[in-house]
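Let me begin by presenting the structure, written as structure tokens, before commenting on it.
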Amino acid sequence: MKKILVPVDFSEHTDTVCRFAIEIAKKSGGEVRLFHAYFDYVIVSNSSFPYSVDTNEMFNQEMMINIRNEAKVEMQKLEVKLIDGLKKEKVHNVKVVFTLTGGMPEDEILNTAETYDPDLIVMGTRGKGEKDILTGKISSKVVKNAKCRILTVPRNATYHGFEHLMYASNFNDEDVEDMEKLFDFIQAYNPIVHCVHINIDKDRLTDESRMAALTNHFREKISDGKLKFEIIDNDDFLEGVNEYVKKNKIDITALVHHRKGFLKSLFTKDHARELLFHSDVPLYIFQGKN
């Protein structure tokens with residue numbers, strides 16, 4: 001991961017998100033780019049004409065300058081804090097920089113990702129049981145539209161490495177390709193990978209046949225005990241995943257997110273979105289083929 005984009009909001013959750021990003025960057029070396037979008041809209045009230053100048057406009061302009069300056073100060077503090085931490089650990093292969101811009105956070109994150117072209121976006125999300133409409137809206141839109149991989153970090157998450165990783169398979173044509181990509185990402189951690197399928201359609205025979213094909217393909221990797229395959233019978237995908245995560249002490253969950261057409265979205269659940277809002281485990285998301 002040579003380029004990691006890290007959207008931050010200066011909340012208490014920011015330190016946790018940055019910790020995940022820095023630790024991932026330390027494994028291979030590269031750049032961590034902190035990103036913040038501040039509110040930059042002029043509020044014009046009581047205007048009689050579309051292009052009239054409000055008496056409060058001067059105040060609004062000054063207010064925006066102050067907002068930007070305050071955001072810049074916070075970004076500089078965070079940048080220095082992370083750089084000092086790396087120096088204390090004598091880590092020399094990670095560079096920390098920041099980008100500051102005005103606008104709607106979700107739109108600006110996507111715009112920056114388009115130009116910066118990161119290998120990974122690491123961002124916070126509200127997690128299970130949290131009621132944060134803004135954070136949920138931002139992370140949901142980024143997951144839906146970003147072209148690169150994304151790691152979402154819930155508020156209750158704590159970094160302690162990745163000893164157990166679960167890949168939630170939906171038995172699509174990309175499983176082999178995506179698992180190979182997954183191994184590239186986590187090879188520095190050398191975790192036990194749990195390839196799990198939640199059987200919600202009760203078609204056990206078909207699922208066993210597909211799982212057997214996956215098992216056979218990765219037979220060499222299975223021999224060292226680092227790769228496990230399992231089918232879980234549960235009518236509810238989210239419940240099945242969360243129960244497995246708890247039982248097996250999973251540190252991170254990975255799955256493929258497919259962009260859906262309008263009609264398909266009406267009849268099928270978005271599992272990435274479900275886990276985004278109802279899991280306390282970091283979620284590693286591949287952007288699948290349409």
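Labels for the structure tokens follow display order: chains A, B, ..., residues from 1 in each chain, ligands from 1.
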Which of range 64-185 of chain A end up as helix (DSSP H, G or I) when DSSP is run on this backbone - answer as number ranges by chain?
A: 64-88, 105-116, 133-145, 175-185
7 Å contact set for Asn93 in chain A, only C-alpha atoms, chain neighbours under 5 positions out, as a list of chain:residue names
A:Lys26, A:Gly29, A:Gly30
If we count only C-alpha atoms and set the cut-off at 10 Å, which residues sit around Leu86 in chain A, ignoring sequence neighbours fewer than 6 positions away in its own chain? Please answer as number ranges by chain.
A: 22, 26, 80, 92-96
Polymer residues at most 6 Å from range 114-121 of chain A, only C-alpha atoms, same-chain spacing of 4 or more positions, as a PyMOL selection string
chain A and resi 1+3-6+149-150
Between A:Asn111, A:Asn248, A:Ser28, A:Asn242, which has the minimum distance to Lys228 in chain A (counting only C-alpha atoms)?
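Of A:Asn111, A:Asn248, A:Ser28, A:Asn242, the one nearest Lys228 in chain A is A:Asn248, counting only C-alpha atoms.
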Point-to-point distance in Å for CA of Ala157 in chain A and CA of Asp251 in chain A:
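Going from CA of Asp251 in chain A over to CA of Ala157 in chain A, I get 9.1 Å.
For the set A:His36, A:Lys141, A:Lys249, A:Lys90, the residue with the smallest atom-to-atom gap to Arg273 in chain A is A:Lys141, counting only C-alpha atoms.
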Which parts of range 151-220 of chain A does DSSP call strand (DSSP E or B) when run on the backbone here, written out as a list in words?
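Listing strand (DSSP E or B) positions across range 151-220 of chain A yields Leu151, Thr152, Val153, Pro154, His164, Leu165, Met166, Tyr167, Ala168, Ile192, Val193, His194, Cys195, Val196, His197, Ile198 and Asn199 of chain A.
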Take the selection from the previous step and output its residues with C-alpha atoms, as a JSON list (two decimals), in the first residue's frame.
[["chain", "number", "residue", "atom", "x", "y", "z"],
["A", 151, "LEU", "CA", -10.98, 0.07, 5.10],
["A", 152, "THR", "CA", -13.71, 1.38, 7.38],
["A", 153, "VAL", "CA", -12.89, 1.62, 11.08],
["A", 154, "PRO", "CA", -15.79, 1.61, 13.58],
["A", 164, "HIS", "CA", -7.88, -13.57, 12.18],
["A", 165, "LEU", "CA", -9.46, -12.27, 8.97],
["A", 166, "MET", "CA", -12.83, -13.31, 7.58],
["A", 167, "TYR", "CA", -13.58, -13.15, 3.87],
["A", 168, "ALA", "CA", -17.34, -13.17, 3.35],
["A", 192, "ILE", "CA", -5.55, -17.13, 9.64],
["A", 193, "VAL", "CA", -8.02, -16.41, 6.82],
["A", 194, "HIS", "CA", -11.57, -17.66, 7.30],
["A", 195, "CYS", "CA", -13.41, -17.95, 3.98],
["A", 196, "VAL", "CA", -17.04, -18.00, 5.09],
["A", 197, "HIS", "CA", -20.31, -18.20, 3.18],
["A", 198, "ILE", "CA", -23.59, -17.41, 4.92],
["A", 199, "ASN", "CA", -26.18, -19.80, 3.53]]
Between CA of Ile285 in chain A and CA of Thr253 in chain A, measure the distance and give it in Å to one decimal.
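For CA of Ile285 in chain A relative to CA of Thr253 in chain A, the distance reads 8.5 Å.
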Pick out the closest residue to Arg126 in chain A from this set: A:Cys18, A:Ile252, A:Leu78, A:Leu275. Count only C-alpha atoms.
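Checking each candidate against Arg126 in chain A, we get A:Leu275 as the closest.
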Which of A:Ala25, A:Ile109, A:Cys148, A:Val122 sits closest to Leu283 in chain A [using only C-alpha atoms]:
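Counting only C-alpha atoms, the residue closest to Leu283 in chain A is A:Val122.
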Minimum-distance residue to Gln187 in chain A, chosen among A:Asp280, A:Ile24, A:Lys87, A:Arg155 (using only C-alpha atoms):
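Using only C-alpha atoms, Gln187 in chain A sits closest to A:Ile24.
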Report the distance between CA of Met64 in chain A and CA of Gly102 in chain A in Å, rounded to one decimal place.
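That distance, rounded to one decimal, is 9.5 Å.
Minimum atom-to-atom distance to Ser209 in chain A, evaluated using only C-alpha atoms, belongs to A:Ile231 out of A:Ala21, A:Val97, A:Ile231, A:Ala188.
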